[in-house]
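Enquirer: Dropping in model06.cif, with mmCIF, C-alpha atoms.
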data_upload
#
loop_
_atom_site.label_atom_id
_atom_site.label_comp_id
_atom_site.auth_asym_id
_atom_site.auth_seq_id
_atom_site.Cartn_x
_atom_site.Cartn_y
_atom_site.Cartn_z
CA MET W 203 -79.40 -104.86 77.56
CA SER W 204 -81.45 -105.36 80.71
CA LEU W 205 -80.98 -101.67 81.51
CA LEU W 206 -82.46 -100.78 78.12
CA LEU W 207 -85.46 -103.06 78.71
CA ASP W 208 -85.97 -101.61 82.19
CA LEU W 209 -85.76 -98.13 80.73
CA LEU W 210 -88.36 -98.86 78.05
CA ARG W 211 -90.66 -100.43 80.66
CA GLU W 212 -90.26 -97.42 82.95
CA MET W 213 -90.97 -94.98 80.10
CA ALA W 214 -94.03 -96.89 78.90
CA LEU W 215 -95.43 -97.10 82.45
CA ALA W 216 -94.78 -93.38 83.04
CA ALA W 217 -96.55 -92.27 79.86
CA VAL W 218 -99.89 -93.68 81.08
CA PRO W 219 -100.24 -91.59 84.30
CA ALA W 220 -99.09 -88.49 82.41
CA VAL W 221 -102.04 -88.88 80.02
CA GLY W 222 -104.44 -90.00 82.77
CA PHE W 223 -103.83 -86.89 84.85
CA ALA W 224 -103.76 -84.70 81.74
CA LEU W 225 -107.37 -85.81 81.17
CA VAL W 226 -108.28 -84.67 84.70
CA PHE W 227 -106.62 -81.29 84.03
CA ASN W 228 -108.61 -81.02 80.78
CA VAL W 229 -105.59 -80.82 78.52
CA PRO W 230 -106.90 -80.43 74.94
CA THR W 231 -106.93 -83.78 73.10
CA ARG W 232 -104.36 -82.64 70.52
CA MET W 233 -101.77 -82.08 73.25
CA LEU W 234 -102.17 -85.41 75.06
CA GLY W 235 -99.40 -86.96 72.96
CA TYR W 236 -96.93 -84.36 74.19
CA CYS W 237 -97.93 -85.10 77.80
CA ALA W 238 -97.25 -88.80 77.24
CA ALA W 239 -93.89 -88.09 75.60
CA GLY W 240 -92.92 -85.63 78.35
CA GLY W 241 -93.85 -88.09 81.08
CA ALA W 242 -91.86 -90.87 79.43
CA VAL W 243 -88.79 -88.71 78.76
CA GLY W 244 -88.79 -87.21 82.27
CA ARG W 245 -89.12 -90.43 84.18
CA GLY W 246 -86.80 -92.31 81.80
CA LEU W 247 -84.07 -89.68 82.10
CA ARG W 248 -84.40 -89.65 85.88
CA MET W 249 -84.06 -93.43 85.98
CA LEU W 250 -80.94 -93.30 83.78
CA LEU W 251 -79.32 -90.68 85.99
CA VAL W 252 -80.13 -92.52 89.22
CA ASP W 253 -79.58 -96.16 88.22
CA SER W 254 -76.75 -96.04 85.71
CA HIS W 255 -73.11 -95.44 86.67
CA VAL W 256 -73.86 -91.69 87.04
CA GLY W 257 -75.52 -92.54 90.36
CA MET W 258 -77.08 -89.12 90.89
CA PRO W 259 -79.28 -88.56 94.00
CA VAL W 260 -82.95 -88.78 93.04
CA GLU W 261 -83.66 -85.11 93.91
CA TRP W 262 -80.96 -83.78 91.56
CA ALA W 263 -81.93 -86.26 88.87
CA THR W 264 -85.53 -85.00 89.15
CA LEU W 265 -84.32 -81.43 88.72
CA VAL W 266 -82.38 -82.31 85.56
CA ALA W 267 -85.25 -84.36 84.12
CA ALA W 268 -87.80 -81.61 84.82
CA ALA W 269 -85.51 -78.99 83.27
CA VAL W 270 -85.01 -81.06 80.11
CA VAL W 271 -88.77 -81.66 79.68
CA SER W 272 -89.41 -77.97 80.30
CA LEU W 273 -86.83 -76.89 77.69
CA ILE W 274 -88.46 -79.16 75.10
CA GLY W 275 -91.87 -77.87 76.25
CA VAL W 276 -90.88 -74.26 75.64
CA GLN W 277 -90.02 -75.02 72.01
CA LEU W 278 -93.34 -76.83 71.51
CA ALA W 279 -95.28 -74.08 73.27
CA ARG W 280 -94.33 -71.49 70.66
CA ARG W 281 -95.60 -73.78 67.92
CA LEU W 282 -98.84 -74.63 69.77
CA ARG W 283 -99.48 -71.05 70.94
CA ALA W 284 -100.08 -72.21 74.51
CA HIS W 285 -98.23 -71.76 77.80
CA PRO W 286 -95.74 -74.65 78.26
CA LYS W 287 -97.18 -75.49 81.69
CA VAL W 288 -100.36 -76.57 79.92
CA PHE W 289 -98.72 -79.86 79.08
CA THR W 290 -95.48 -79.98 81.10
CA VAL W 291 -97.18 -80.13 84.53
CA ALA W 292 -99.07 -83.26 83.48
CA ALA W 293 -95.74 -84.68 82.27
CA MET W 294 -94.30 -84.16 85.77
CA ILE W 295 -97.07 -86.14 87.48
CA PRO W 296 -95.29 -89.54 87.12
CA MET W 297 -92.38 -88.04 89.11
CA VAL W 298 -94.50 -86.50 91.91
CA PRO W 299 -93.56 -88.28 95.17
CA GLY W 300 -97.08 -89.25 96.22
CA VAL W 301 -96.17 -92.29 98.30
CA PRO W 302 -93.53 -90.55 100.49
CA PHE W 303 -95.90 -87.60 100.91
CA PHE W 304 -98.78 -89.70 102.28
CA THR W 305 -96.36 -91.94 104.22
CA ALA W 306 -95.02 -88.89 106.08
CA LEU W 307 -98.52 -87.61 106.92
CA LEU W 308 -99.72 -91.04 108.06
CA ALA W 309 -96.60 -91.49 110.21
CA ILE W 310 -97.39 -88.18 111.93
CA VAL W 311 -100.94 -89.35 112.62
CA GLU W 312 -99.55 -92.65 113.92
CA ILE W 313 -97.22 -90.76 116.29
CA SER W 314 -100.17 -88.92 117.81
CA ARG W 315 -102.18 -92.16 118.01
CA SER W 316 -99.69 -94.60 119.48
CA GLY W 317 -96.89 -92.45 120.85
CA LEU W 318 -93.49 -91.38 119.62
CA THR W 319 -91.02 -94.05 118.57
CA ASP W 320 -87.70 -93.61 116.80
CA ALA W 321 -88.88 -95.65 113.83
CA LEU W 322 -92.03 -93.54 113.29
CA LEU W 323 -90.14 -90.28 113.72
CA GLU W 324 -87.55 -91.43 111.23
CA THR W 325 -90.24 -92.43 108.71
CA ALA W 326 -92.04 -89.11 109.11
CA ILE W 327 -88.94 -86.98 108.68
CA THR W 328 -87.16 -88.91 105.92
CA SER W 329 -90.32 -89.41 103.80
CA GLY W 330 -91.41 -85.82 104.37
CA LEU W 331 -88.05 -84.37 103.37
CA ARG W 332 -87.88 -86.63 100.34
CA ALA W 333 -91.33 -85.46 99.19
CA LEU W 334 -90.46 -81.83 99.89
CA PHE W 335 -87.19 -81.83 97.96
CA ILE W 336 -88.55 -83.74 94.97
CA ILE W 337 -91.54 -81.39 94.64
CA GLY W 338 -89.17 -78.42 94.90
CA ALA W 339 -86.95 -79.97 92.22
CA LEU W 340 -89.95 -80.48 89.90
CA ALA W 341 -91.15 -76.89 90.23
CA ILE W 342 -87.69 -75.34 89.92
CA GLY W 343 -86.82 -77.65 87.03
CA LEU W 344 -89.95 -76.49 85.18
CA ALA W 345 -88.97 -72.87 85.85
CA ILE W 346 -85.41 -73.30 84.49
CA PRO W 347 -86.07 -71.93 80.96
CA GLY W 348 -87.65 -68.81 82.48
CA LEU W 349 -84.85 -68.42 85.03
CA LEU W 350 -82.00 -68.87 82.54
CA PHE W 351 -83.15 -67.90 79.05
CA TYR W 352 -86.53 -66.10 79.02
CA ARG W 353 -85.66 -63.63 81.75
CA ARG W 354 -87.43 -60.49 80.60
CA ARG W 355 -89.60 -61.76 77.79
CA PRO W 356 -92.56 -64.13 77.72
CA VAL W 357 -92.20 -67.63 76.27
CA VAL W 358 -95.37 -67.32 74.18
CA MET V 978 -97.59 -44.03 65.49
CA LYS V 979 -99.00 -42.12 68.43
CA ARG V 980 -101.43 -44.10 70.57
CA GLU V 981 -104.93 -42.73 70.74
CA ILE V 982 -106.18 -42.11 74.25
CA LEU V 983 -109.26 -44.14 75.14
CA ASP V 984 -112.29 -42.27 76.47
CA GLU V 985 -113.67 -43.22 79.84
CA PRO V 986 -116.32 -45.81 78.82
CA ALA V 987 -113.76 -47.50 76.56
CA GLN V 988 -111.22 -47.62 79.40
CA ARG V 989 -113.84 -49.09 81.74
CA GLU V 990 -114.65 -51.76 79.18
CA ALA V 991 -110.94 -52.57 78.74
CA THR V 992 -110.55 -52.85 82.53
CA ARG V 993 -113.50 -55.23 82.72
CA LEU V 994 -112.04 -57.43 80.02
CA CYS V 995 -108.62 -57.50 81.73
CA VAL V 996 -110.10 -58.50 85.07
CA GLN V 997 -112.34 -61.07 83.41
CA ALA V 998 -109.37 -62.69 81.70
CA ALA V 999 -107.31 -62.61 84.92
CA LEU V 1000 -110.17 -64.11 86.91
CA MET V 1001 -110.80 -66.89 84.40
CA LEU V 1002 -107.11 -67.83 84.53
CA MET V 1003 -107.02 -67.81 88.33
CA GLN V 1004 -110.18 -69.86 88.71
CA HIS V 1005 -108.84 -72.61 86.51
CA GLY V 1006 -105.41 -73.09 88.03
CA ALA V 1007 -103.00 -70.85 86.10
CA GLU V 1008 -99.87 -69.76 87.97
CA SER V 1009 -99.69 -66.13 89.13
CA ALA V 1010 -96.96 -65.09 86.69
CA LEU V 1011 -99.18 -66.13 83.76
CA VAL V 1012 -102.25 -64.34 85.18
CA GLU V 1013 -100.30 -61.13 85.53
CA SER V 1014 -98.64 -61.26 82.12
CA VAL V 1015 -101.85 -62.11 80.22
CA ALA V 1016 -103.80 -59.31 81.95
CA ARG V 1017 -101.04 -56.77 81.23
CA ARG V 1018 -100.64 -57.70 77.59
CA LEU V 1019 -104.39 -57.86 77.00
CA GLY V 1020 -104.80 -54.37 78.45
CA VAL V 1021 -102.02 -52.88 76.37
CA ALA V 1022 -103.44 -54.54 73.24
CA LEU V 1023 -106.84 -53.05 74.11
CA GLY V 1024 -105.28 -49.60 74.03
CA VAL V 1025 -104.58 -48.57 77.64
CA ASP V 1026 -101.11 -47.30 78.59
CA SER V 1027 -100.41 -49.88 81.26
CA VAL V 1028 -102.07 -52.40 83.55
CA GLU V 1029 -101.24 -53.17 87.16
CA VAL V 1030 -102.39 -56.45 88.66
CA ALA V 1031 -102.49 -57.42 92.34
CA ILE V 1032 -103.17 -61.09 92.91
CA MET V 1033 -104.41 -62.36 96.24
CA ALA V 1034 -105.42 -65.86 97.20
CA ASN V 1035 -109.14 -65.31 96.66
CA ALA V 1036 -109.42 -62.03 94.80
CA VAL V 1037 -107.79 -60.19 91.93
CA THR V 1038 -107.41 -56.41 91.54
CA VAL V 1039 -106.75 -54.76 88.18
CA THR V 1040 -105.96 -51.10 87.55
CA THR V 1041 -105.63 -49.70 84.05
CA LEU V 1042 -103.84 -46.42 83.41
CA CYS V 1043 -104.71 -44.36 80.33
CA GLY V 1044 -103.86 -40.73 79.64
CA GLY V 1045 -103.46 -39.89 83.33
CA HIS V 1046 -106.72 -41.56 84.38
CA CYS V 1047 -106.90 -44.83 86.20
CA VAL V 1048 -109.74 -47.30 86.66
CA THR V 1049 -109.55 -49.98 89.34
CA THR V 1050 -111.75 -53.01 89.87
CA VAL V 1051 -111.72 -56.07 92.13
CA ARG V 1052 -113.19 -59.51 91.50
CA ARG V 1053 -113.67 -62.28 94.00
CA ASN V 1054 -112.03 -65.54 92.96
CA GLU V 1055 -113.54 -68.92 93.68
CA ASP V 1056 -111.66 -72.02 92.67
CA ARG V 1057 -113.35 -73.93 89.85
CA GLY V 1058 -110.82 -76.74 89.55
CA ILE V 1059 -107.94 -77.10 87.15
CA ASN V 1060 -108.88 -76.67 83.51
CA VAL V 1061 -105.99 -75.91 81.22
CA HIS V 1062 -108.29 -75.83 78.19
CA ILE V 1063 -109.74 -72.55 79.47
CA VAL V 1064 -106.26 -71.22 80.30
CA THR V 1065 -105.18 -71.95 76.73
CA GLU V 1066 -108.26 -70.32 75.19
CA VAL V 1067 -107.90 -67.12 77.26
CA GLN V 1068 -104.25 -66.87 76.34
CA ARG V 1069 -105.00 -67.43 72.64
CA THR V 1070 -107.60 -64.66 72.74
CA MET V 1071 -104.88 -62.33 74.04
CA LEU V 1072 -102.39 -63.53 71.40
CA ASP V 1073 -104.94 -63.15 68.57
CA LEU V 1074 -105.63 -59.57 69.63
CA GLU V 1075 -101.90 -58.78 69.85
CA GLU V 1076 -101.30 -60.21 66.39
CA GLY V 1077 -104.31 -58.34 64.97
CA ARG V 1078 -106.30 -61.44 64.03
CA ILE V 1079 -109.33 -60.16 65.94
CA ASP V 1080 -110.34 -56.56 66.65
CA ARG V 1081 -110.90 -54.98 70.06
CA GLY V 1082 -114.67 -55.22 69.81
CA SER V 1083 -114.77 -58.99 69.52
CA VAL V 1084 -112.65 -59.75 72.61
CA ALA V 1085 -115.65 -59.68 74.97
CA ALA V 1086 -117.58 -62.15 72.80
CA ARG V 1087 -114.50 -64.41 72.49
CA LEU V 1088 -114.04 -64.54 76.29
CA ASP V 1089 -117.74 -65.16 76.96
CA GLN V 1090 -117.76 -67.97 74.43
CA ILE V 1091 -115.15 -70.05 76.27
CA ARG V 1092 -116.77 -73.10 77.82
CA PRO V 1093 -115.13 -75.64 80.13
CA GLU V 1094 -115.02 -78.60 77.76
CA ARG V 1095 -114.56 -81.78 79.71
CA HIS V 1096 -113.40 -85.17 78.57
CA PRO V 1097 -116.06 -87.93 78.92
CA ARG V 1098 -116.29 -88.98 82.56
CA TRP V 1099 -116.00 -92.72 82.08
CA ILE V 1100 -112.85 -92.28 79.97
CA VAL V 1101 -111.31 -90.11 82.70
CA ALA V 1102 -112.20 -92.62 85.43
CA LEU V 1103 -110.75 -95.56 83.47
CA ALA V 1104 -107.62 -93.58 82.55
CA ILE V 1105 -107.05 -92.67 86.20
CA GLY V 1106 -107.52 -96.31 87.21
CA LEU V 1107 -104.97 -97.32 84.60
CA SER V 1108 -102.60 -94.56 85.76
CA CYS V 1109 -102.64 -95.77 89.35
CA ALA V 1110 -102.18 -99.37 88.17
CA CYS V 1111 -99.07 -98.16 86.30
CA PHE V 1112 -97.84 -96.45 89.48
CA ALA V 1113 -98.27 -99.79 91.25
CA ALA V 1114 -96.26 -101.51 88.50
CA LEU V 1115 -93.57 -98.83 88.80
CA SER V 1116 -93.37 -99.54 92.56
CA LYS V 1117 -92.76 -103.23 91.71
CA GLY V 1118 -96.27 -104.46 92.49
CA ASP V 1119 -97.26 -107.84 91.00
CA LEU V 1120 -100.06 -108.29 88.46
CA PRO V 1121 -102.94 -109.05 90.92
CA THR V 1122 -101.92 -105.96 92.90
CA CYS V 1123 -102.10 -103.82 89.76
CA VAL V 1124 -105.58 -105.17 89.00
CA VAL V 1125 -106.73 -104.37 92.55
CA VAL V 1126 -105.30 -100.85 92.27
CA PHE V 1127 -107.03 -100.38 88.91
CA VAL V 1128 -110.42 -101.29 90.39
CA ALA V 1129 -109.89 -99.24 93.57
CA SER V 1130 -108.75 -96.08 91.77
CA THR V 1131 -111.40 -96.27 89.08
CA LEU V 1132 -114.12 -96.55 91.73
CA ALA V 1133 -112.57 -93.72 93.77
CA MET V 1134 -112.46 -91.47 90.70
CA ALA V 1135 -116.05 -92.39 89.85
CA ALA V 1136 -117.05 -91.48 93.42
CA ARG V 1137 -115.26 -88.16 93.09
CA GLN V 1138 -117.06 -87.42 89.81
CA LEU V 1139 -120.36 -88.45 91.35
CA VAL V 1140 -120.18 -86.00 94.26
CA ALA V 1141 -118.48 -83.20 92.28
CA PRO V 1142 -121.75 -81.71 90.86
CA LEU V 1143 -123.17 -81.53 94.42
CA HIS V 1144 -120.71 -78.71 95.21
CA PHE V 1145 -119.19 -80.20 98.32
CA ASN V 1146 -116.05 -78.64 99.65
CA PRO V 1147 -113.13 -80.36 97.87
CA LEU V 1148 -111.86 -81.53 101.26
CA VAL V 1149 -115.03 -83.61 101.71
CA THR V 1150 -114.70 -85.01 98.20
CA PHE V 1151 -111.07 -86.03 98.73
CA PHE V 1152 -111.93 -87.61 102.09
CA ALA V 1153 -114.70 -89.69 100.52
CA ALA V 1154 -112.60 -90.73 97.51
CA ALA V 1155 -109.71 -91.79 99.77
CA PHE V 1156 -112.13 -93.86 101.84
CA VAL V 1157 -113.43 -95.66 98.74
CA ALA V 1158 -109.95 -96.33 97.33
CA THR V 1159 -108.49 -97.64 100.60
CA SER V 1160 -111.61 -99.71 101.32
CA VAL V 1161 -111.38 -101.56 98.01
CA ALA V 1162 -107.61 -102.02 98.30
CA GLY V 1163 -107.89 -103.01 101.98
CA VAL V 1164 -110.59 -105.63 101.40
CA ALA V 1165 -108.51 -107.08 98.56
CA VAL V 1166 -105.56 -107.29 100.97
CA LEU V 1167 -107.77 -109.09 103.52
CA TRP V 1168 -108.70 -111.60 100.83
CA ASP V 1169 -104.97 -112.14 100.13
CA ILE V 1170 -105.07 -110.91 96.55
CA GLY V 1171 -101.52 -110.12 95.44
CA THR V 1172 -98.27 -110.45 97.35
CA THR V 1173 -97.50 -106.74 97.69
CA PRO V 1174 -100.24 -105.34 99.96
CA ARG V 1175 -98.36 -102.15 100.84
CA VAL V 1176 -98.02 -101.21 97.16
CA ALA V 1177 -101.75 -101.83 96.68
CA MET V 1178 -102.74 -99.57 99.58
CA ALA V 1179 -100.28 -96.82 98.62
CA SER V 1180 -100.87 -96.76 94.86
CA SER V 1181 -104.68 -96.78 95.02
CA VAL V 1182 -104.80 -93.30 96.59
CA LEU V 1183 -102.26 -91.69 94.27
CA LEU V 1184 -105.07 -90.18 92.19
CA LEU V 1185 -105.61 -87.83 95.16
CA VAL V 1186 -102.09 -86.37 95.30
CA PRO V 1187 -102.59 -82.64 94.66
CA GLY V 1188 -99.70 -82.51 92.20
CA PHE V 1189 -100.83 -79.43 90.26
CA PRO V 1190 -101.29 -77.11 93.29
CA LEU V 1191 -98.02 -78.35 94.81
CA ILE V 1192 -96.00 -77.59 91.67
CA ASN V 1193 -97.84 -74.30 91.07
CA GLY V 1194 -97.32 -73.26 94.69
CA VAL V 1195 -93.56 -73.75 94.65
CA SER V 1196 -93.40 -72.24 91.17
CA ASP V 1197 -95.28 -69.09 92.34
CA MET V 1198 -92.89 -68.68 95.24
CA VAL V 1199 -89.84 -69.11 93.01
CA LYS V 1200 -91.16 -66.30 90.81
CA GLY V 1201 -91.75 -63.96 93.76
CA TYR V 1202 -95.49 -64.49 94.36
CA ILE V 1203 -94.93 -65.67 97.93
CA ASN V 1204 -98.51 -65.02 99.09
CA THR V 1205 -100.34 -66.99 96.43
CA GLY V 1206 -97.64 -69.66 96.62
CA ILE V 1207 -98.19 -70.15 100.35
CA SER V 1208 -101.96 -70.33 100.00
CA ARG V 1209 -101.70 -72.89 97.20
CA LEU V 1210 -99.28 -75.03 99.22
CA VAL V 1211 -101.37 -74.83 102.39
CA PHE V 1212 -104.48 -75.82 100.45
CA ALA V 1213 -102.61 -78.75 98.87
CA LEU V 1214 -101.55 -79.82 102.37
CA MET V 1215 -105.18 -79.59 103.55
CA LEU V 1216 -106.30 -81.78 100.64
CA ALA V 1217 -103.58 -84.30 101.47
CA SER V 1218 -104.65 -84.28 105.13
CA ALA V 1219 -108.26 -84.89 104.15
CA THR V 1220 -107.04 -87.80 102.03
CA CYS V 1221 -105.12 -89.17 105.03
CA GLY V 1222 -108.32 -88.92 107.08
CA GLY V 1223 -110.15 -91.02 104.49
CA ILE V 1224 -107.33 -93.58 104.44
CA LEU V 1225 -107.31 -93.82 108.25
CA LEU V 1226 -111.08 -94.21 108.49
CA ALA V 1227 -111.04 -97.01 105.93
CA MET V 1228 -108.14 -98.77 107.66
CA THR V 1229 -109.96 -98.52 111.00
CA VAL V 1230 -113.25 -99.80 109.62
CA TRP V 1231 -111.71 -102.78 107.79
CA HIS V 1232 -108.89 -103.45 110.30
CA THR V 1233 -106.14 -103.41 107.68
CA TRP V 1234 -103.06 -101.48 108.72
CA GLY V 1235 -101.40 -101.79 105.36
CA TRP V 1236 -99.14 -98.74 105.51
CA SER V 1237 -97.01 -99.63 108.51
#
Render the structure in this file as structure tokens.
Expert:
Amino acid sequence: MSLLLDLLREMALAAVPAVGFALVFNVPTRMLGYCAAGGAVGRGLRMLLVDSHVGMPVEWATLVAAAVVSLIGVQLARRLRAHPKVFTVAAMIPMVPGVPFFTALLAIVEISRSGLTDALLETAITSGLRALFIIGALAIGLAIPGLLFYRRRPVV
Amino acid sequence: MKREILDEPAQREATRLCVQAALMLMQHGAESALVESVARRLGVALGVDSVEVAIMANAVTVTTLCGGHCVTTVRRNEDRGINVHIVTEVQRTMLDLEEGRIDRGSVAARLDQIRPERHPRWIVALAIGLSCACFAALSKGDLPTCVVVFVASTLAMAARQLVAPLHFNPLVTFFAAAFVATSVAGVAVLWDIGTTPRVAMASSVLLLVPGFPLINGVSDMVKGYINTGISRLVFALMLASATCGGILLAMTVWHTWGWS
């Protein structure tokens, strides 16, 4: 029961940034609902895969979540007559590893400022790799329909 | 049905329309695979035999082939910021022509008509503030922290919108916005608002993560456009570095080392 509540909370909180960033990307108003749904489904699915008994590593869970959102997006795209990336990229924003990304860069600056320590080096490398792999998983996950099903024909 | 061969002025016009469509897509953040496929399909629908597109980081080259003649043209590309509304409209113009809903003559007018519609600025700023507050809540920040993040991010986004019409380099804009966000969050930390200062500092700058270029960059490289992919990723890294500069300056000015 508490897992279900956590899941709903996570999905509701993820829907907001998906729409917020969709506004910055100038997603047409009619499609904002799909961005919210995509953001909620992606982040919710990732949380289920990581936290439940499946216990998947977060990078692989991100790949699966991005692929699922992208597959749904492809179906919607044909109906909306728009490229799926128009709304699926905004739906990925709640999963973008912003904090590890900036943490890695700031740790590198800190190394040059105050000298190399094991702790700083570890922070820089682990956060950087985490950010790198999650971003890769997001982009490849979004490309999955094209890589597997729409190989020599356009989606829209 | 045998295709009619376009005469030279008609082929020139078709080439211009193809490069215009490709350029509009590139300027507003479409991935390379989409730019190439829209330009090709638009050209074929306009009556040329085939279209070849070469995409570089800051220019696009289009060649149309028609009855043994080819016409080539290059356009310089300057980034105008992500605007998927324009991407959608250009693609719909191409689809409408393919499906025969509009004729070849009206394509030029359709493309010229497309305007970058923007959502109202204050709505965008508030939505971004709310988004970052939700990020803070997702990172287990308490309620006062979320409120601080909301204020910091909204002000940072407002600052970004304020300097945007002055045509600064985006690196300058990101630096300034990061300074504003970290200053507000840092001062709130100094005043002991909230029990999760690290979350406040980290979440308030998340509006500056270049998520779209990062995803597009990797996505380009996966699809074989290594060059444009690298330039997108490097530019995203530059934007992130500028953001780090703003964060560091603010932390130095206010003496709040919230990240470590």
Enquirer: What's the 8 Å shell around Arg1052 (chain V), counting only C-alpha atoms, without same-chain residues fewer than 6 positions away, as a PDB file with C-alpha atoms, in the coordinates of the input?
Expert:
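What ended up in result-v4.pdb:
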ATOM      1  CA  VAL V 996    -110.100 -58.500  85.070  1.00  0.00           C
ATOM      2  CA  LEU V1000    -110.170 -64.110  86.910  1.00  0.00           C
ATOM      3  CA  ALA V1036    -109.420 -62.030  94.800  1.00  0.00           C
ATOM      4  CA  VAL V1037    -107.790 -60.190  91.930  1.00  0.00           C
ATOM      5  CA  THR V1038    -107.410 -56.410  91.540  1.00  0.00           C
TER       6      THR V1038
END
Enquirer: If we count all atoms listed in the file, what is near Leu205 (chain W) at a cut-off of 9 Å, once residues fewer than 5 positions away on the same chain are taken out, given as a PyMOL selection string?
Expert: chain W and resi 210+250+253-254
Enquirer: Atoms to include: C-alpha atoms. Write the selected residues as a PDB file, in the coordinates of the input.
Expert:
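This is the output file part10.pdb:
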ATOM      1  CA  LEU W 210     -88.360 -98.860  78.050  1.00  0.00           C
ATOM      2  CA  LEU W 250     -80.940 -93.300  83.780  1.00  0.00           C
ATOM      3  CA  ASP W 253     -79.580 -96.160  88.220  1.00  0.00           C
ATOM      4  CA  SER W 254     -76.750 -96.040  85.710  1.00  0.00           C
TER       5      SER W 254
END
Enquirer: Would you list the contacts of Arg1095 (chain V) as a PDB file with C-alpha atoms, keeping the file's coordinate frame, taking every protein, DNA or RNA residue within 9 Å and counting all atoms listed in the file, but skipping same-chain residues closer than 4 positions in sequence?
Expert:
ATOM      1  CA  LEU W 225    -107.370 -85.810  81.170  1.00  0.00           C
ATOM      2  CA  VAL W 226    -108.280 -84.670  84.700  1.00  0.00           C
ATOM      3  CA  ASN W 228    -108.610 -81.020  80.780  1.00  0.00           C
TER       4      ASN W 228
ATOM      5  CA  ASN V1060    -108.880 -76.670  83.510  1.00  0.00           C
ATOM      6  CA  HIS V1062    -108.290 -75.830  78.190  1.00  0.00           C
TER       7      HIS V1062
END
Enquirer: Find the residue from W:Val271, W:Ala242, W:Phe223, W:Arg232 that sits nearest to Ala341 (chain W); use only C-alpha atoms when measuring.
Expert: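 That would be W:Val271, the residue with the smallest distance to Ala341 (chain W).
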Enquirer: Give the answer as one residue: which of V:Val1211, V:Cys1109, V:Ala1219, V:Val1128 has the shortest atom-to-atom distance to chain W, using only C-alpha atoms?
Expert: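 Of V:Val1211, V:Cys1109, V:Ala1219, V:Val1128, the one nearest chain W is V:Cys1109, counting only C-alpha atoms.
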Enquirer: For a test of reading the model, state the distance in Å between CA of Val1195 (chain V) and CA of Gly338 (chain W), rounded to one decimal.
Expert: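 According to the coordinates, CA of Val1195 (chain V) and CA of Gly338 (chain W) are separated by 6.4 Å.
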Enquirer: Could you please tell me, as a list in words, which residues of chain W have an atom within 7 Å of chain V when using all atoms listed in the file?
Expert: Glu212, Leu215, Val218, Pro219, Gly222, Phe223, Leu225, Val226, Phe227, Asn228, Val229, Pro230, Arg283, Ala284, Val288, Val291, Ile295, Val298, Gly300, Val301, Phe304, Leu308, Ile337, Gly338, Leu340, Ala341, Ile342 and Ala345 of chain W
Enquirer: Which value, in Å to one decimal, gives the distance between CA of Gln988 (chain V) and CA of Asn1035 (chain V)?
Expert: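 A separation of 24.8 Å between them.
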Enquirer: If I take CA of Arg280 (chain W) and CA of Leu234 (chain W), how far is one from the other in Å, to one decimal?
Expert: 16.6 Å
Enquirer: When you look at region 322-332 of chain W with a cut-off of 6 Å (counting only C-alpha atoms), what residues show up, excluding the ones that are within fewer than 6 positions of it in the same chain? I need them as a list in words.
Expert: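 Everything that qualifies: Pro302, Phe303, Ala306 and Ala309 of chain W.
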Enquirer: Complete region 1188-1197 of chain V with N, CA and C atoms (output as a CSV table (one decimal), keeping the file's coordinate frame).
Expert:
chain,number,residue,atom,x,y,z
V,1188,GLY,N,-100.9,-82.8,92.9
V,1188,GLY,CA,-99.7,-82.5,92.2
V,1188,GLY,C,-99.7,-81.1,91.6
V,1189,PHE,N,-100.8,-80.7,90.9
V,1189,PHE,CA,-100.8,-79.4,90.3
V,1189,PHE,C,-100.7,-78.3,91.2
V,1190,PRO,N,-101.5,-78.2,92.3
V,1190,PRO,CA,-101.3,-77.1,93.3
V,1190,PRO,C,-99.9,-77.1,93.9
V,1191,LEU,N,-99.4,-78.3,94.2
V,1191,LEU,CA,-98.0,-78.4,94.8
V,1191,LEU,C,-97.0,-77.7,93.9
V,1192,ILE,N,-97.0,-78.1,92.6
V,1192,ILE,CA,-96.0,-77.6,91.7
V,1192,ILE,C,-96.2,-76.1,91.4
V,1193,ASN,N,-97.5,-75.7,91.3
V,1193,ASN,CA,-97.8,-74.3,91.1
V,1193,ASN,C,-97.4,-73.5,92.3
V,1194,GLY,N,-97.6,-74.0,93.5
V,1194,GLY,CA,-97.3,-73.3,94.7
V,1194,GLY,C,-95.8,-72.9,94.8
V,1195,VAL,N,-95.0,-74.0,94.6
V,1195,VAL,CA,-93.6,-73.8,94.6
V,1195,VAL,C,-93.1,-72.8,93.5
V,1196,SER,N,-93.8,-73.0,92.3
V,1196,SER,CA,-93.4,-72.2,91.2
V,1196,SER,C,-93.7,-70.8,91.4
V,1197,ASP,N,-94.9,-70.5,92.0
V,1197,ASP,CA,-95.3,-69.1,92.3
V,1197,ASP,C,-94.2,-68.5,93.2
